[in-house]
$ cat upload.txt   # compact mmCIF, C-alpha atoms and all ligand atoms
# COMPACT_ATOMS: atom_id res chain seq x y z
CA MET W 1 148.15 0.23 28.71
CA THR W 2 148.77 1.23 25.14
CA THR W 3 151.24 -0.84 23.14
CA ARG W 4 154.83 0.19 23.45
CA ARG W 5 156.58 1.72 20.47
CA ARG W 6 159.17 -0.69 19.06
CA VAL W 7 162.57 0.95 18.71
CA ALA W 8 165.78 -0.07 16.92
CA VAL W 9 168.98 1.72 17.96
CA LEU W 10 171.63 1.27 15.30
CA GLY W 11 174.96 2.67 16.43
CA ALA W 12 173.99 1.80 20.02
CA THR W 13 177.51 2.02 21.47
CA GLY W 14 178.24 5.58 20.35
CA SER W 15 177.51 8.97 21.82
CA ILE W 16 174.00 9.31 20.33
CA GLY W 17 173.28 5.59 20.77
CA ARG W 18 174.08 5.59 24.49
CA GLN W 19 172.05 8.74 25.07
CA THR W 20 169.14 7.13 23.24
CA LEU W 21 169.38 4.14 25.61
CA ASP W 22 169.30 6.61 28.53
CA VAL W 23 166.01 7.98 27.23
CA LEU W 24 164.59 4.46 26.81
CA ARG W 25 165.60 3.57 30.40
CA LEU W 26 163.53 6.49 31.68
CA GLU W 27 160.46 5.60 29.62
CA PRO W 28 160.11 1.80 29.85
CA ASP W 29 156.31 1.98 29.53
CA SER W 30 156.53 3.84 26.24
CA PHE W 31 159.21 1.91 24.38
CA GLU W 32 160.46 -1.57 23.69
CA LEU W 33 164.01 -1.89 22.36
CA VAL W 34 163.85 -4.68 19.77
CA SER W 35 167.21 -4.47 18.01
CA ILE W 36 170.60 -2.85 18.31
CA ALA W 37 173.72 -2.66 16.20
CA GLY W 38 177.18 -1.35 16.78
CA GLY W 39 180.67 -1.68 15.47
CA THR W 40 183.11 -3.83 17.38
CA ARG W 41 182.30 -3.32 21.08
CA LEU W 42 180.78 -6.77 21.57
CA ALA W 43 180.80 -6.75 25.38
CA GLU W 44 178.87 -3.48 25.46
CA LEU W 45 176.38 -4.74 22.88
CA ALA W 46 175.87 -7.89 24.95
CA GLN W 47 175.27 -5.87 28.10
CA VAL W 48 172.63 -3.75 26.36
CA ALA W 49 171.03 -6.83 24.79
CA GLU W 50 170.70 -8.44 28.21
CA GLU W 51 169.41 -5.33 29.95
CA PHE W 52 166.68 -4.64 27.35
CA HIS W 53 165.97 -8.27 26.30
CA VAL W 54 166.87 -7.37 22.73
CA ARG W 55 166.15 -10.08 20.16
CA ARG W 56 168.41 -9.06 17.23
CA VAL W 57 171.92 -7.63 17.30
CA GLY W 58 174.02 -6.34 14.43
CA VAL W 59 177.82 -6.37 14.36
CA SER W 60 179.83 -4.67 11.65
CA ARG W 61 182.57 -7.25 10.90
CA PRO W 62 181.99 -10.82 9.66
CA GLU W 63 184.95 -12.00 11.79
CA ASP W 64 183.03 -11.00 14.93
CA TYR W 65 180.03 -13.23 14.12
CA ILE W 66 181.15 -16.32 16.05
CA ALA W 67 182.29 -14.33 19.09
CA ALA W 68 179.03 -12.37 19.05
CA ARG W 69 176.94 -15.58 18.96
CA GLU W 70 178.87 -16.92 21.93
CA ILE W 71 178.68 -13.80 24.07
CA LEU W 72 175.00 -13.13 23.24
CA GLY W 73 173.84 -16.71 23.72
CA ASP W 74 170.86 -18.56 22.28
CA GLY W 75 167.69 -16.63 21.66
CA VAL W 76 169.49 -13.60 20.20
CA GLU W 77 169.87 -13.47 16.45
CA VAL W 78 173.13 -11.98 15.16
CA VAL W 79 173.26 -10.16 11.81
CA VAL W 80 176.37 -8.79 10.13
CA GLY W 81 177.51 -5.74 8.17
CA GLY W 82 175.50 -3.47 5.90
CA ASP W 83 173.00 -6.22 5.02
CA GLY W 84 172.46 -6.76 8.72
CA LEU W 85 171.84 -3.04 9.27
CA ALA W 86 169.37 -3.09 6.37
CA GLU W 87 167.44 -5.92 8.02
CA LEU W 88 167.37 -4.29 11.44
CA ALA W 89 166.18 -1.02 9.87
CA THR W 90 162.87 -2.65 8.97
CA ASP W 91 162.42 -4.23 12.41
CA ALA W 92 160.86 -1.45 14.44
CA ASP W 93 158.35 1.41 14.46
CA VAL W 94 161.10 3.97 15.11
CA VAL W 95 164.58 3.37 13.74
CA VAL W 96 167.33 5.47 15.29
CA ASN W 97 170.20 5.88 12.85
CA ALA W 98 173.09 6.66 15.19
CA VAL W 99 175.79 5.07 13.04
CA VAL W 100 178.64 7.42 12.11
CA GLY W 101 179.53 8.06 8.48
CA PHE W 102 178.48 6.57 5.14
CA ALA W 103 178.15 3.16 6.83
CA GLY W 104 174.70 4.34 7.99
CA LEU W 105 173.33 4.30 4.42
CA PRO W 106 171.46 0.95 4.62
CA VAL W 107 169.64 2.18 7.71
CA THR W 108 168.43 5.41 6.12
CA ILE W 109 167.30 3.85 2.84
CA ASN W 110 165.75 0.67 4.21
CA ALA W 111 163.92 2.23 7.15
CA LEU W 112 162.16 4.67 4.81
CA ALA W 113 161.53 2.08 2.09
CA ALA W 114 159.84 -0.09 4.75
CA GLY W 115 157.59 2.80 5.84
CA ARG W 116 159.22 3.30 9.25
CA THR W 117 159.88 6.45 11.22
CA LEU W 118 163.56 7.27 10.81
CA ALA W 119 165.00 9.17 13.77
CA LEU W 120 168.04 10.53 12.02
CA ALA W 121 171.38 11.40 13.58
CA ASN W 122 173.54 9.97 10.77
CA LYS W 123 173.75 13.06 8.55
CA GLU W 124 176.53 11.71 6.28
CA SER W 125 174.44 9.02 4.57
CA PHE W 126 171.39 11.26 4.36
CA ILE W 127 173.32 14.01 2.58
CA ALA W 128 175.12 11.62 0.24
CA ALA W 129 171.91 9.81 -0.69
CA ALA W 130 169.61 12.87 -0.79
CA PRO W 131 168.27 12.31 -4.36
CA LEU W 132 167.68 8.61 -3.58
CA VAL W 133 166.12 9.35 -0.19
CA GLU W 134 163.62 11.61 -1.97
CA ARG W 135 162.22 8.52 -3.75
CA VAL W 136 161.69 6.39 -0.65
CA ARG W 137 160.46 9.16 1.64
CA ASP W 138 156.98 8.96 0.09
CA THR W 139 156.55 5.31 1.10
CA PRO W 140 153.28 5.04 3.07
CA GLY W 141 154.09 5.35 6.79
CA ALA W 142 157.63 6.64 6.23
CA SER W 143 158.81 9.81 7.94
CA VAL W 144 162.09 11.42 8.95
CA LEU W 145 162.49 13.10 12.32
CA PRO W 146 165.80 14.90 12.82
CA ILE W 147 167.84 14.20 15.96
CA ASP W 148 170.56 16.65 14.95
CA SER W 149 169.84 19.51 17.36
CA GLU W 150 169.73 22.29 14.75
CA HIS W 151 167.38 20.35 12.51
CA CYS W 152 165.20 19.27 15.38
CA ALA W 153 165.00 22.97 16.28
CA ILE W 154 164.02 23.95 12.73
CA TYR W 155 161.47 21.14 12.63
CA GLN W 156 159.87 22.64 15.73
CA CYS W 157 160.10 26.22 14.40
CA LEU W 158 158.45 25.19 11.13
CA ALA W 159 155.34 23.99 12.94
CA ASP W 160 153.73 27.26 11.89
CA SER W 161 154.60 26.89 8.21
CA ASN W 162 151.83 25.17 6.31
CA THR W 163 152.13 26.58 2.86
CA GLY W 164 153.38 23.39 1.26
CA PRO W 165 156.54 22.14 -0.44
CA GLY W 166 159.60 24.39 -0.24
CA HIS W 167 158.03 26.51 2.51
CA PRO W 168 157.28 29.69 0.48
CA ASP W 169 156.30 31.54 3.68
CA VAL W 170 159.84 31.06 5.01
CA ARG W 171 162.52 33.58 4.05
CA ARG W 172 165.52 31.81 5.60
CA LEU W 173 166.56 28.97 7.82
CA LEU W 174 169.19 30.17 10.29
CA LEU W 175 171.43 27.33 11.47
CA THR W 176 173.34 28.19 14.61
CA ALA W 177 176.94 27.03 15.14
CA SER W 178 178.95 27.13 18.33
CA GLY W 179 181.97 28.05 16.23
CA GLY W 180 183.90 25.13 17.72
CA PRO W 181 187.05 25.27 19.86
CA PHE W 182 188.93 27.53 17.42
CA ARG W 183 186.40 30.33 17.02
CA GLY W 184 188.25 33.62 16.57
CA TRP W 185 191.58 31.94 15.73
CA SER W 186 193.59 33.35 12.83
CA ARG W 187 194.74 31.16 9.93
CA GLU W 188 198.31 31.35 11.32
CA ARG W 189 197.31 30.19 14.77
CA LEU W 190 195.27 27.33 13.28
CA GLU W 191 198.50 25.90 11.79
CA SER W 192 199.48 24.69 15.27
CA VAL W 193 196.23 22.90 16.21
CA THR W 194 196.78 19.51 17.90
CA ARG W 195 194.50 16.48 17.92
CA HIS W 196 193.90 16.93 21.64
CA GLU W 197 192.75 20.56 21.11
CA ALA W 198 190.51 19.62 18.17
CA LEU W 199 188.84 16.87 20.22
CA LYS W 200 187.74 19.33 22.93
CA HIS W 201 184.40 20.83 21.97
CA PRO W 202 183.34 23.87 24.03
CA THR W 203 179.64 22.99 24.47
CA TRP W 204 178.87 19.42 23.31
CA SER W 205 180.34 16.00 24.17
CA MET W 206 180.19 13.87 21.00
CA GLY W 207 181.92 11.10 19.06
CA PRO W 208 185.39 11.86 17.62
CA LYS W 209 184.42 12.28 13.94
CA ILE W 210 181.72 14.90 14.50
CA THR W 211 183.91 16.64 17.09
CA ILE W 212 186.63 17.15 14.47
CA ASP W 213 183.97 18.20 11.93
CA SER W 214 182.77 20.79 14.44
CA SER W 215 186.29 22.17 14.80
CA THR W 216 186.65 22.70 11.02
CA LEU W 217 182.99 23.84 10.63
CA MET W 218 182.58 20.99 8.11
CA ASN W 219 179.89 19.75 10.46
CA LYS W 220 177.98 22.98 9.85
CA GLY W 221 178.57 22.62 6.11
CA LEU W 222 177.13 19.10 6.22
CA GLU W 223 174.25 20.45 8.27
CA VAL W 224 173.44 23.06 5.62
CA LEU W 225 173.12 20.19 3.13
CA GLU W 226 171.15 18.17 5.66
CA ALA W 227 168.69 21.03 6.26
CA SER W 228 168.21 21.58 2.54
CA ALA W 229 167.44 17.89 1.97
CA LEU W 230 165.26 17.53 5.07
CA PHE W 231 163.08 20.60 4.57
CA GLY W 232 163.20 21.04 0.78
CA VAL W 233 164.69 24.53 1.13
CA ASP W 234 167.38 25.66 -1.31
CA VAL W 235 170.80 26.32 0.31
CA GLU W 236 170.62 29.95 -0.87
CA ARG W 237 167.90 30.34 1.76
CA ILE W 238 170.01 28.73 4.52
CA ASP W 239 172.42 30.86 6.57
CA VAL W 240 174.86 29.95 9.33
CA VAL W 241 175.05 32.12 12.44
CA VAL W 242 177.76 31.63 15.06
CA HIS W 243 176.23 31.48 18.52
CA PRO W 244 178.90 30.36 21.02
CA GLN W 245 176.54 29.61 23.91
CA SER W 246 174.68 26.80 22.03
CA ILE W 247 171.38 27.76 23.63
CA VAL W 248 169.50 28.83 20.49
CA HIS W 249 169.62 25.62 18.44
CA SER W 250 168.42 27.22 15.20
CA MET W 251 165.84 29.66 13.88
CA VAL W 252 163.35 30.15 11.08
CA GLU W 253 162.75 33.60 9.58
CA TYR W 254 159.35 33.97 7.95
CA VAL W 255 158.62 36.36 5.06
CA ASP W 256 156.98 38.86 7.41
CA GLY W 257 160.27 39.19 9.32
CA SER W 258 159.12 37.10 12.27
CA VAL W 259 161.89 34.86 13.60
CA ILE W 260 161.01 31.71 15.56
CA ALA W 261 163.80 30.08 17.56
CA GLN W 262 164.08 26.96 19.71
CA LEU W 263 166.09 27.30 22.91
CA SER W 264 167.33 24.82 25.49
CA GLN W 265 170.43 23.67 27.28
CA PRO W 266 172.72 21.74 24.93
CA ASP W 267 171.65 18.16 25.78
CA MET W 268 171.07 15.66 22.96
CA ARG W 269 168.59 13.68 25.05
CA LEU W 270 166.07 16.43 24.34
CA PRO W 271 166.01 16.06 20.51
CA ILE W 272 166.36 12.27 20.86
CA ALA W 273 163.31 12.06 23.16
CA PHE W 274 161.43 14.49 20.91
CA CYS W 275 161.93 12.16 17.93
CA LEU W 276 161.16 8.96 19.84
CA GLY W 277 158.01 10.28 21.46
CA ARG W 278 156.58 12.47 18.71
CA PRO W 279 153.97 13.90 19.17
CA ILE W 280 154.34 13.29 22.92
CA ARG W 281 156.82 15.38 24.93
CA PHE W 282 158.22 13.65 27.99
CA ASP W 283 158.40 15.27 31.40
CA HIS W 284 162.20 15.40 31.80
CA ALA W 285 163.58 18.92 31.93
CA TRP W 286 166.83 18.18 30.08
CA GLY W 287 166.71 21.45 28.23
CA ALA W 288 165.47 23.69 31.04
CA LEU W 289 166.92 27.21 31.12
CA ASP W 290 167.05 29.39 34.21
CA PHE W 291 166.08 32.92 33.23
CA THR W 292 166.33 34.13 36.82
CA GLN W 293 170.11 34.09 36.26
CA ALA W 294 171.70 36.81 34.14
CA GLN W 295 172.97 35.47 30.83
CA SER W 296 173.59 36.77 27.38
CA LEU W 297 173.15 35.19 23.99
CA THR W 298 175.44 36.46 21.24
CA PHE W 299 175.42 36.04 17.47
CA GLU W 300 178.11 36.72 14.86
CA PRO W 301 178.83 35.79 11.25
CA PRO W 302 181.12 32.81 10.58
CA ASP W 303 184.73 33.49 9.49
CA VAL W 304 184.69 31.75 6.10
CA ASP W 305 188.34 32.66 5.38
CA ALA W 306 189.66 30.81 8.41
CA PHE W 307 187.04 28.05 8.01
CA PRO W 308 186.72 27.32 4.26
CA ALA W 309 184.71 24.12 4.84
CA LEU W 310 181.55 26.17 4.88
CA PRO W 311 181.85 27.68 1.34
CA LEU W 312 183.03 24.27 0.12
CA ALA W 313 179.79 22.68 1.35
CA TYR W 314 177.68 25.39 -0.31
CA ALA W 315 179.58 24.78 -3.56
CA ALA W 316 178.85 21.03 -3.32
CA ALA W 317 175.18 21.82 -2.74
CA ARG W 318 175.05 23.91 -5.91
CA ARG W 319 176.57 21.05 -7.94
CA ALA W 320 174.05 18.62 -6.39
CA GLY W 321 173.91 15.02 -7.71
CA ALA W 322 176.81 13.09 -6.20
CA ALA W 323 178.79 16.19 -5.15
CA PRO W 324 177.62 16.04 -1.51
CA ALA W 325 178.53 12.33 -1.44
CA TRP W 326 182.04 13.16 -2.64
CA LEU W 327 182.38 15.97 -0.11
CA SER W 328 181.33 13.78 2.79
CA ALA W 329 183.41 10.75 1.70
CA ALA W 330 186.57 12.82 1.20
CA ASN W 331 185.98 14.46 4.56
CA GLU W 332 185.59 11.09 6.31
CA VAL W 333 188.93 9.96 4.92
CA ALA W 334 190.68 13.22 5.81
CA VAL W 335 189.27 13.26 9.35
CA ALA W 336 190.34 9.63 9.90
CA ALA W 337 193.84 10.54 8.66
CA PHE W 338 193.96 13.49 11.08
CA LEU W 339 192.80 11.26 13.96
CA HIS W 340 195.65 8.87 13.07
CA ASP W 341 198.17 11.74 13.12
CA GLU W 342 198.86 11.35 9.40
CA ILE W 343 197.97 14.92 8.42
CA ALA W 344 197.72 18.33 10.09
CA TRP W 345 194.41 19.88 11.08
CA THR W 346 194.91 22.58 8.42
CA ASP W 347 195.24 19.82 5.76
CA ILE W 348 191.74 18.43 6.30
CA VAL W 349 189.69 20.92 4.28
CA PRO W 350 192.27 21.47 1.47
CA ILE W 351 192.28 17.67 0.94
CA VAL W 352 188.49 17.67 0.61
CA SER W 353 188.73 20.64 -1.74
CA ALA W 354 191.34 18.87 -3.91
CA VAL W 355 189.05 15.84 -4.17
CA MET W 356 186.08 18.04 -5.10
CA ASP W 357 188.18 19.55 -7.92
CA GLN W 358 188.37 16.05 -9.40
CA PHE W 359 184.62 15.40 -9.28
CA ASP W 360 183.26 15.32 -12.82
CA ASP W 361 179.54 15.72 -12.08
CA ALA W 362 178.82 12.11 -13.03
CA PRO W 363 175.16 11.38 -12.23
CA LEU W 364 173.73 9.68 -9.17
CA ARG W 365 170.86 7.42 -10.18
CA SER W 366 170.93 4.43 -7.85
CA VAL W 367 172.30 3.07 -4.60
CA GLU W 368 174.90 1.18 -6.68
CA ASP W 369 175.98 4.49 -8.27
CA LEU W 370 176.24 6.05 -4.84
CA VAL W 371 178.37 3.25 -3.41
CA ALA W 372 180.68 3.58 -6.45
CA HIS W 373 180.89 7.38 -6.01
CA ASP W 374 181.71 6.97 -2.32
CA ALA W 375 184.48 4.47 -3.09
CA GLN W 376 185.91 6.67 -5.84
CA ALA W 377 185.97 9.79 -3.66
CA ARG W 378 187.69 7.79 -0.89
CA ARG W 379 190.33 6.53 -3.29
CA ARG W 380 190.97 10.07 -4.54
CA ALA W 381 191.26 11.35 -0.98
CA THR W 382 193.72 8.61 -0.07
CA THR W 383 195.82 9.48 -3.12
CA VAL W 384 195.79 13.20 -2.28
CA ILE W 385 196.86 12.40 1.30
CA ALA W 386 199.70 10.24 -0.02
CA GLY W 387 200.90 13.31 -1.91
CA GLY W 388 199.69 12.29 -5.34
CA ARG W 389 196.91 13.60 -7.53
P1 LIG Y 401 180.18 7.71 17.71
O1 LIG Y 401 181.47 7.52 17.02
O2 LIG Y 401 180.19 8.04 19.16
O3 LIG Y 401 179.26 6.41 17.52
C1 LIG Y 401 179.10 5.78 16.28
C2 LIG Y 401 178.34 4.48 16.42
O4 LIG Y 401 178.27 3.88 15.12
C3 LIG Y 401 179.02 3.45 17.33
O5 LIG Y 401 178.02 2.71 18.00
C4 LIG Y 401 179.73 2.55 16.34
O6 LIG Y 401 179.95 1.25 16.83
C5 LIG Y 401 178.72 2.54 15.23
N1 LIG Y 401 179.27 2.14 13.94
C6 LIG Y 401 180.31 2.67 13.27
N2 LIG Y 401 180.52 2.03 12.13
C7 LIG Y 401 179.55 1.07 12.04
C8 LIG Y 401 179.21 0.08 11.11
N3 LIG Y 401 179.92 -0.07 9.99
N4 LIG Y 401 178.16 -0.72 11.36
C9 LIG Y 401 177.45 -0.58 12.49
N5 LIG Y 401 177.71 0.34 13.42
C10 LIG Y 401 178.76 1.14 13.20
O7 LIG Y 401 179.39 8.84 16.88
P2 LIG Y 401 178.23 9.82 17.39
O8 LIG Y 401 178.85 11.08 17.90
O9 LIG Y 401 177.25 9.10 18.24
O10 LIG Y 401 177.57 10.22 16.01
C11 LIG Y 401 176.70 9.35 15.30
C12 LIG Y 401 176.03 10.13 14.18
O11 LIG Y 401 175.20 11.14 14.77
C13 LIG Y 401 177.02 10.88 13.27
O12 LIG Y 401 176.53 10.87 11.97
C14 LIG Y 401 176.99 12.30 13.81
O13 LIG Y 401 177.28 13.27 12.83
C15 LIG Y 401 175.55 12.42 14.28
N6 LIG Y 401 175.33 13.40 15.36
C16 LIG Y 401 175.94 13.23 16.55
C17 LIG Y 401 175.74 14.16 17.57
C18 LIG Y 401 176.36 13.95 18.94
O14 LIG Y 401 176.06 14.73 19.84
N7 LIG Y 401 177.20 12.97 19.14
C19 LIG Y 401 174.91 15.26 17.35
C20 LIG Y 401 174.31 15.41 16.11
C21 LIG Y 401 174.52 14.46 15.11
MG MG Y 402 174.20 19.50 14.90

$ encode --input "upload.txt" --output "structure tokens"
Amino acid sequence: MTTRRRVAVLGATGSIGRQTLDVLRLEPDSFELVSIAGGTRLAELAQVAEEFHVRRVGVSRPEDYIAAREILGDGVEVVVGGDGLAELATDADVVVNAVVGFAGLPVTINALAAGRTLALANKESFIAAAPLVERVRDTPGASVLPIDSEHCAIYQCLADSNTGPGHPDVRRLLLTASGGPFRGWSRERLESVTRHEALKHPTWSMGPKITIDSSTLMNKGLEVLEASALFGVDVERIDVVVHPQSIVHSMVEYVDGSVIAQLSQPDMRLPIAFCLGRPIRFDHAWGALDFTQAQSLTFEPPDVDAFPALPLAYAAARRAGAAPAWLSAANEVAVAAFLHDEIAWTDIVPIVSAVMDQFDDAPLRSVEDLVAHDAQARRRATTVIAGGR
């Protein structure tokens, strides 16, 4: 038997984390789960640790350390917070970053700096840290495999592109978007959106933050930035196409007009297993489509008037530096405020826009810079929400 690939699942109690554990359960001969981390669901972490005989567990809050030690028992090391995540990120051959939000930063940076394979779901930290990620991506052994379904699709569609950095043989990357629950709604109708409606995604079941991002199309905006950073393609060569069925996960148009697409049922276990097993594909037909049944696939342009998050993300991409970090931080604060019923759905993107107006293009040179930018953008967003400037 060949040695099993050692896997760390950081963000193990979330939507992506749990689906990653499902994949590991089905392939026990291929993988060994060595460490996990999560936020505050200690009982769930303990259950997973016991099931997989995990040796190291990360919790997010220092006040949970004692309780975690007790519930996990001897023989399991407990690490805490961002420093804990950084440690766990160097622990395994494949590090799954399934943390939500900027909190995933230590995983992204440290996994790559340690020469690990980063299986990336946590787009927020990757976008915010893009110029810093560039520096650690060249570490011997380091690689990034995208779990995000669109990016995993593009990764597969680019298999034919071997003309070097920036993919000169590619005309455009075409990111598909379901359009979210409010596709086709007018600006007026959007005024009445409730939290319950925004949390119901038509094709995917995901964590609350990304579900709200999908409803505003900010998720797609973040994904444009993610694609640009992942594949080294300028955002001017990245287009968004609304495809409500979520069967075509993205496409690559080559300079000769040939378009390569990746299709499957919308099931995140497929891109997760793709990243974990690379270059092996596992024999589980999660994505299987039945072409004996009549079906149609439709495509339409996004409505950027009703969904201004998309142009806002392109604008942040053009400013580069810390602008994407500000965009993502302000959005995290606004989405959290919406989830706490403090603001209306239609306030989310204008709040992000107001924060971006205050960004002064200060440079982003180091992780310390980035952490300061993130904190500053959050403070500005909180002030805007409170009605100030
Ligand atoms: P989720 O809210 O369901 O799970 C988030 C996980 O992160 C939980 O385990 C939580 O405990 C953990 N976490 C949060 N803060 C933490 C901290 N400070 N330290 C350690 N752990 C912490 O979110 P999700 O839907 O699984 O999304 C995770 C990431 O994957 C996001 O960046 C999202 O954009 C991306 N993503 C998700 C999907 C999906 O289908 N859910 C698809 C594509 C990309
Ligand atoms: Mg996606």

$ residues_near_ligand --input "upload.txt" --ligand "ligand MG 402 (chain Y)" --cutoff "10 Å" --atoms "only C-alpha atoms and all ligand atoms" --output "PyMOL selection string"
chain W and resi 121+123+146-153+175-178+204+210+214+219-220+222-224+226+249-250+268

$ closest_atom_pairs --input "upload.txt" --of "chain W" --to "ligand LIG 401 (chain Y)" --cutoff "8 Å" --atoms "only C-alpha atoms and all ligand atoms" --output "Markdown table"
| residue | atom | partner | partner_atom | distance |
| --- | --- | --- | --- | --- |
| W:Leu10 | CA | Y:LIG401 | N5 | 6.4 |
| W:Gly11 | CA | Y:LIG401 | O5 | 3.4 |
| W:Ala12 | CA | Y:LIG401 | O5 | 4.6 |
| W:Thr13 | CA | Y:LIG401 | O5 | 3.6 |
| W:Gly14 | CA | Y:LIG401 | O3 | 3.1 |
| W:Ser15 | CA | Y:LIG401 | O9 | 3.6 |
| W:Ile16 | CA | Y:LIG401 | O9 | 3.9 |
| W:Gly17 | CA | Y:LIG401 | O9 | 5.9 |
| W:Arg18 | CA | Y:LIG401 | O9 | 7.8 |
| W:Ala37 | CA | Y:LIG401 | C9 | 5.7 |
| W:Gly38 | CA | Y:LIG401 | N5 | 3.8 |
| W:Gly39 | CA | Y:LIG401 | O6 | 3.3 |
| W:Thr40 | CA | Y:LIG401 | O6 | 6.0 |
| W:Arg41 | CA | Y:LIG401 | O6 | 6.7 |
| W:Gly58 | CA | Y:LIG401 | C9 | 7.0 |
| W:Val59 | CA | Y:LIG401 | C9 | 6.1 |
| W:Ser60 | CA | Y:LIG401 | N4 | 4.3 |
| W:Arg61 | CA | Y:LIG401 | N3 | 7.7 |
| W:Gly81 | CA | Y:LIG401 | N4 | 6.0 |
| W:Gly82 | CA | Y:LIG401 | N4 | 6.7 |
| W:Leu85 | CA | Y:LIG401 | C9 | 6.9 |
| W:Asn97 | CA | Y:LIG401 | C12 | 7.3 |
| W:Ala98 | CA | Y:LIG401 | C11 | 4.5 |
| W:Val99 | CA | Y:LIG401 | O4 | 3.4 |
| W:Val100 | CA | Y:LIG401 | C13 | 4.0 |
| W:Gly101 | CA | Y:LIG401 | O12 | 5.4 |
| W:Ala103 | CA | Y:LIG401 | N3 | 4.9 |
| W:Gly104 | CA | Y:LIG401 | C8 | 6.9 |
| W:Leu120 | CA | Y:LIG401 | O11 | 7.7 |
| W:Ala121 | CA | Y:LIG401 | O11 | 4.0 |
| W:Asn122 | CA | Y:LIG401 | O12 | 3.3 |
| W:Lys123 | CA | Y:LIG401 | O12 | 4.9 |
| W:Glu124 | CA | Y:LIG401 | O12 | 5.8 |
| W:Ser125 | CA | Y:LIG401 | O12 | 7.9 |
| W:Ile147 | CA | Y:LIG401 | C20 | 6.6 |
| W:Asp148 | CA | Y:LIG401 | C20 | 4.1 |
| W:Ser149 | CA | Y:LIG401 | C20 | 6.2 |
| W:Trp204 | CA | Y:LIG401 | O14 | 6.5 |
| W:Ser205 | CA | Y:LIG401 | O14 | 6.2 |
| W:Met206 | CA | Y:LIG401 | N7 | 3.6 |
| W:Gly207 | CA | Y:LIG401 | O8 | 3.3 |
| W:Pro208 | CA | Y:LIG401 | O1 | 5.9 |
| W:Lys209 | CA | Y:LIG401 | O1 | 6.4 |
| W:Ile210 | CA | Y:LIG401 | O13 | 5.0 |
| W:Thr211 | CA | Y:LIG401 | O8 | 7.6 |
| W:Asn219 | CA | Y:LIG401 | O13 | 7.4 |
| W:Met268 | CA | Y:LIG401 | O14 | 6.0 |

$ residues_around --input "upload.txt" --residues "W:Leu173" --least-positions-apart "2" --cutoff "10 Å" --atoms "all atoms listed in the file" --output "list in words"
His151, Ile154, Cys157, Leu158, Val170, Arg171, Leu175, Thr176, Val224, Ala227, Ser228, Phe231, Val233, Asp234, Val235, Glu236, Arg237, Ile238, Asp239, Val240, Ser250, Met251, Val252, Glu253, Tyr254, Val259 and Ile260 of chain W

$ axis_aligned_box --input "upload.txt" --around "stretch 154-173 of chain W" --padding-each-side "5 Å" --output "AutoDock Vina command-line options"
--center_x 159.2 --center_y 27.4 --center_z 7.6 --size_x 24.7 --size_y 22.4 --size_z 26.2

$ closest_residue --input "upload.txt" --among "W:Trp185, W:Phe31, W:Tyr314, W:Phe274" --to "W:Thr216" --atoms "only C-alpha atoms"
W:Trp185

$ atom_distance --input "upload.txt" --atom1 "atom CA of W:Ile348" --atom2 "atom CA of W:Leu132"
27.8 Å

$ closest_residue --input "upload.txt" --among "W:Thr117, W:Gln376, W:Thr346, W:Thr298" --to "W:Thr139" --atoms "all atoms listed in the file"
W:Thr117

$ closest_residue --input "upload.txt" --among "W:Glu332, W:Asp160, W:Asp74, W:Asp22" --to "W:Asp374" --atoms "only C-alpha atoms"
W:Glu332

$ closest_residue --input "upload.txt" --among "W:Ala294, W:Ala128, W:Leu174, W:Leu225" --to "W:Ser328" --atoms "all atoms listed in the file"
W:Ala128

$ residues_near_point --input "upload.txt" --point "(176.8, -10.9, 25.4)" --cutoff "6 Å" --atoms "all atoms listed in the file" --output "list in words"
Ala43, Ala46, Gln47, Ile71 and Leu72 of chain W

$ closest_residue --input "upload.txt" --among "W:Glu191, W:Gly221, W:Ser366, W:Glu342" --to "W:Glu134" --atoms "all atoms listed in the file"
W:Ser366

$ residues_around --input "upload.txt" --residues "W:Asp341" --least-positions-apart "5" --cutoff "10 Å" --atoms "only C-alpha atoms" --output "PDB file with C-alpha atoms, keeping the file's coordinate frame"
ATOM      1  CA  THR W 194     196.780  19.510  17.900  1.00  0.00           C
ATOM      2  CA  ARG W 195     194.500  16.480  17.920  1.00  0.00           C
ATOM      3  CA  VAL W 335     189.270  13.260   9.350  1.00  0.00           C
ATOM      4  CA  ALA W 336     190.340   9.630   9.900  1.00  0.00           C
TER       5      ALA W 336
END

$ atom_distance --input "upload.txt" --atom1 "atom CA of W:Arg318" --atom2 "atom CA of W:Ala372"
21.1 Å

$ residues_near_point --input "upload.txt" --point "(159.2, 8.1, -0.4)" --cutoff "12 Å" --atoms "all atoms listed in the file" --output "number ranges by chain"
W: 108-117, 130-144
